[in-house]
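The next block is entry12.tsv, given as TSV, C-alpha atoms.
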```tsv
chain	number	residue	atom	x	y	z
L	1	MET	CA	115.41	-22.60	15.16
L	2	SER	CA	113.45	-25.18	13.21
L	3	ALA	CA	110.24	-26.82	14.35
L	4	SER	CA	108.91	-30.19	13.33
L	5	ILE	CA	105.41	-31.06	12.17
L	6	ASP	CA	103.88	-34.03	10.38
L	7	PRO	CA	102.37	-32.65	7.14
L	8	SER	CA	99.77	-35.43	7.09
L	9	SER	CA	98.34	-34.02	10.33
L	10	LEU	CA	97.64	-30.57	8.86
L	11	GLN	CA	94.11	-29.28	9.17
L	12	ILE	CA	93.75	-27.13	6.07
L	13	GLU	CA	90.84	-24.71	5.99
L	14	HIS	CA	89.46	-22.78	3.03
L	15	ASP	CA	89.24	-19.11	4.02
L	16	GLU	CA	87.11	-18.15	1.04
L	17	ALA	CA	86.53	-14.57	2.20
L	18	ASN	CA	90.29	-13.91	2.06
L	19	HIS	CA	90.99	-16.13	-0.98
L	20	ARG	CA	93.35	-18.49	0.76
L	21	PHE	CA	93.81	-21.96	2.15
L	22	VAL	CA	95.43	-21.96	5.57
L	23	ALA	CA	96.81	-24.37	8.15
L	24	VAL	CA	97.72	-23.14	11.62
L	25	LEU	CA	101.06	-24.74	12.51
L	26	ASP	CA	101.51	-23.94	16.19
L	27	ASP	CA	100.09	-22.33	19.30
L	28	GLU	CA	101.65	-19.01	18.33
L	29	GLY	CA	99.44	-18.81	15.25
L	30	ARG	CA	102.08	-19.36	12.58
L	31	GLU	CA	100.38	-20.32	9.34
L	32	ALA	CA	101.10	-22.07	6.08
L	33	VAL	CA	99.07	-20.58	3.24
L	34	VAL	CA	98.21	-20.90	-0.41
L	35	THR	CA	96.60	-17.74	-1.74
L	36	TYR	CA	94.57	-17.46	-4.89
L	37	ARG	CA	92.63	-15.12	-7.12
L	38	PRO	CA	89.20	-16.29	-8.34
L	39	LEU	CA	89.15	-16.18	-12.14
L	40	ASP	CA	85.69	-17.06	-13.50
L	41	GLY	CA	85.65	-20.78	-12.74
L	42	ARG	CA	89.42	-21.02	-12.32
L	43	LEU	CA	91.77	-20.52	-9.41
L	44	GLY	CA	94.74	-18.26	-10.02
L	45	LEU	CA	97.22	-19.66	-7.48
L	46	THR	CA	99.34	-16.67	-6.47
L	47	HIS	CA	101.47	-17.64	-3.46
L	48	THR	CA	102.54	-20.55	-1.29
L	49	GLY	CA	104.05	-19.65	2.07
L	50	VAL	CA	105.47	-21.61	4.97
L	51	PRO	CA	107.25	-19.95	7.93
L	52	PRO	CA	111.05	-20.50	7.78
L	53	GLN	CA	111.21	-22.78	10.83
L	54	TYR	CA	108.71	-25.17	9.21
L	55	ARG	CA	110.21	-25.39	5.72
L	56	ARG	CA	111.58	-28.55	4.07
L	57	GLN	CA	109.08	-30.85	5.79
L	58	GLY	CA	106.57	-31.30	2.97
L	59	ILE	CA	104.10	-28.73	4.27
L	60	ALA	CA	103.99	-26.66	1.05
L	61	GLY	CA	103.46	-29.79	-1.03
L	62	THR	CA	100.66	-30.96	1.25
L	63	MET	CA	99.01	-27.54	1.01
L	64	VAL	CA	99.26	-27.37	-2.78
L	65	LYS	CA	97.99	-30.93	-3.18
L	66	HIS	CA	94.97	-30.05	-1.04
L	67	VAL	CA	94.21	-26.98	-3.17
L	68	LEU	CA	94.59	-28.93	-6.43
L	69	GLU	CA	92.27	-31.65	-5.13
L	70	HIS	CA	89.79	-28.94	-4.12
L	71	ALA	CA	89.90	-27.53	-7.67
L	72	ARG	CA	89.47	-31.02	-9.13
L	73	ASP	CA	86.49	-31.76	-6.87
L	74	LEU	CA	84.79	-28.57	-8.07
L	75	ASP	CA	85.70	-29.25	-11.72
L	76	MET	CA	87.80	-26.07	-11.86
L	77	THR	CA	91.05	-25.38	-13.62
L	78	VAL	CA	94.04	-23.61	-12.11
L	79	VAL	CA	96.37	-20.89	-13.31
L	80	PRO	CA	99.69	-21.27	-11.47
L	81	TYR	CA	101.22	-17.83	-10.94
L	82	CYS	CA	103.25	-19.16	-7.99
L	83	SER	CA	106.57	-20.78	-8.96
L	84	TYR	CA	106.17	-23.45	-6.29
L	85	VAL	CA	102.81	-24.51	-7.74
L	86	VAL	CA	104.39	-24.71	-11.21
L	87	HIS	CA	107.17	-26.90	-9.79
L	88	TYR	CA	104.67	-29.09	-7.90
L	89	ILE	CA	102.54	-29.72	-11.00
L	90	ASN	CA	105.65	-30.50	-13.06
L	91	GLU	CA	106.66	-33.06	-10.42
L	92	HIS	CA	103.13	-34.50	-10.16
L	93	PRO	CA	101.84	-34.87	-13.74
L	94	GLU	CA	98.53	-36.27	-12.49
L	95	TYR	CA	97.54	-32.62	-11.90
L	96	LYS	CA	98.48	-31.31	-15.38
L	97	SER	CA	94.91	-31.90	-16.53
L	98	LEU	CA	93.85	-29.09	-14.19
L	99	LEU	CA	95.75	-26.61	-16.34
L	100	ASN	CA	93.53	-27.12	-19.41
L	101	LYS	CA	90.01	-28.46	-19.51
```

Produce structure tokens that represent the structure in this file.
Amino acid sequence: MSASIDPSSLQIEHDEANHRFVAVLDDEGREAVVTYRPLDGRLGLTHTGVPPQYRRQGIAGTMVKHVLEHARDLDMTVVPYCSYVVHYINEHPEYKSLLNK
């Protein structure tokens, strides 16, 4: 069963202690996440996850955009280990500058 959510309404929190960005999607605690590994002034983006019933609604893209903007605001670069992040940056060339500074 699929569930609907407006990605622009996501409240994305930085859970720094657990190296992840997270958005709670429903009252049952289902979460969308982007996990990372801190790499000396860079973010190694390791995983993007959205529960199956919430996929194909733009949630992953909204999450990744938020993380990339966070990195940009802190003048950090990113290392995309996650294939979705690689795809997102390829589709949004305005973020390619975050790969090499």

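Counting from CA of Pro7 (chain L), the distance to CA of Val50 (chain L) is 11.7 Å.
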
May I have the residues within 9 Å of Tyr84 (chain L) as a list in words, using only C-alpha atoms and disregarding those fewer than 5 positions away in the same chain? His47, Thr48, Ala60, Gly61, Val64 and Ile89 of chain L

How many Å separate CA of Asp6 (chain L) from CA of Arg56 (chain L)?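 Going from CA of Asp6 (chain L) over to CA of Arg56 (chain L), I get 11.4 Å.
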
What's the 12 Å shell around region 90-92 of chain L, counting all atoms listed in the file, without same-chain residues fewer than 3 positions away, as a list of chain:residue names?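 The contact residues come out as L:Gly61, L:Val64, L:Lys65, L:Leu68, L:Pro80, L:Ser83, L:Tyr84, L:Val85, L:Val86, L:His87, L:Tyr95, L:Lys96, L:Ser97, L:Leu98, L:Leu99.
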
Please provide as a VMD selection string all residues within 12 Å of Gln57 (chain L), with the sequence filter that same-chain residues fewer than 5 positions apart are discarded (counting all atoms listed in the file). chain L and resid 2 to 8 10 32 50 to 52 62 to 63

When you get a chance, write out N, CA and C atoms for region 54-74 of chain L, as a CSV table (one decimal), keeping the file's coordinate frame.
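As a result, out.csv now contains:
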```
chain,number,residue,atom,x,y,z
L,54,TYR,N,109.5,-24.0,9.6
L,54,TYR,CA,108.7,-25.2,9.2
L,54,TYR,C,109.0,-25.6,7.8
L,55,ARG,N,109.9,-25.0,7.1
L,55,ARG,CA,110.2,-25.4,5.7
L,55,ARG,C,110.9,-26.7,5.6
L,56,ARG,N,110.9,-27.3,4.4
L,56,ARG,CA,111.6,-28.6,4.1
L,56,ARG,C,111.0,-29.8,4.8
L,57,GLN,N,109.7,-29.7,5.1
L,57,GLN,CA,109.1,-30.8,5.8
L,57,GLN,C,107.9,-31.4,5.0
L,58,GLY,N,107.7,-30.8,3.8
L,58,GLY,CA,106.6,-31.3,3.0
L,58,GLY,C,105.3,-30.5,3.2
L,59,ILE,N,105.3,-29.5,4.0
L,59,ILE,CA,104.1,-28.7,4.3
L,59,ILE,C,103.6,-28.0,3.0
L,60,ALA,N,104.4,-27.4,2.3
L,60,ALA,CA,104.0,-26.7,1.0
L,60,ALA,C,103.4,-27.6,0.1
L,61,GLY,N,104.0,-28.8,-0.1
L,61,GLY,CA,103.5,-29.8,-1.0
L,61,GLY,C,102.1,-30.3,-0.6
L,62,THR,N,101.9,-30.5,0.7
L,62,THR,CA,100.7,-31.0,1.2
L,62,THR,C,99.6,-29.9,1.0
L,63,MET,N,100.0,-28.6,1.2
L,63,MET,CA,99.0,-27.5,1.0
L,63,MET,C,98.6,-27.5,-0.5
L,64,VAL,N,99.6,-27.5,-1.4
L,64,VAL,CA,99.3,-27.4,-2.8
L,64,VAL,C,98.4,-28.6,-3.3
L,65,LYS,N,98.8,-29.8,-2.8
L,65,LYS,CA,98.0,-30.9,-3.2
L,65,LYS,C,96.5,-30.8,-2.7
L,66,HIS,N,96.3,-30.3,-1.5
L,66,HIS,CA,95.0,-30.0,-1.0
L,66,HIS,C,94.2,-29.1,-1.9
L,67,VAL,N,94.9,-28.0,-2.3
L,67,VAL,CA,94.2,-27.0,-3.2
L,67,VAL,C,93.9,-27.6,-4.6
L,68,LEU,N,94.8,-28.3,-5.1
L,68,LEU,CA,94.6,-28.9,-6.4
L,68,LEU,C,93.5,-29.9,-6.4
L,69,GLU,N,93.4,-30.7,-5.3
L,69,GLU,CA,92.3,-31.6,-5.1
L,69,GLU,C,90.9,-30.9,-5.0
L,70,HIS,N,91.0,-29.8,-4.3
L,70,HIS,CA,89.8,-28.9,-4.1
L,70,HIS,C,89.3,-28.5,-5.5
L,71,ALA,N,90.2,-28.0,-6.3
L,71,ALA,CA,89.9,-27.5,-7.7
L,71,ALA,C,89.3,-28.7,-8.5
L,72,ARG,N,89.9,-29.8,-8.4
L,72,ARG,CA,89.5,-31.0,-9.1
L,72,ARG,C,88.1,-31.4,-8.7
L,73,ASP,N,87.8,-31.4,-7.4
L,73,ASP,CA,86.5,-31.8,-6.9
L,73,ASP,C,85.4,-30.8,-7.4
L,74,LEU,N,85.8,-29.6,-7.6
L,74,LEU,CA,84.8,-28.6,-8.1
L,74,LEU,C,84.8,-28.4,-9.6
```
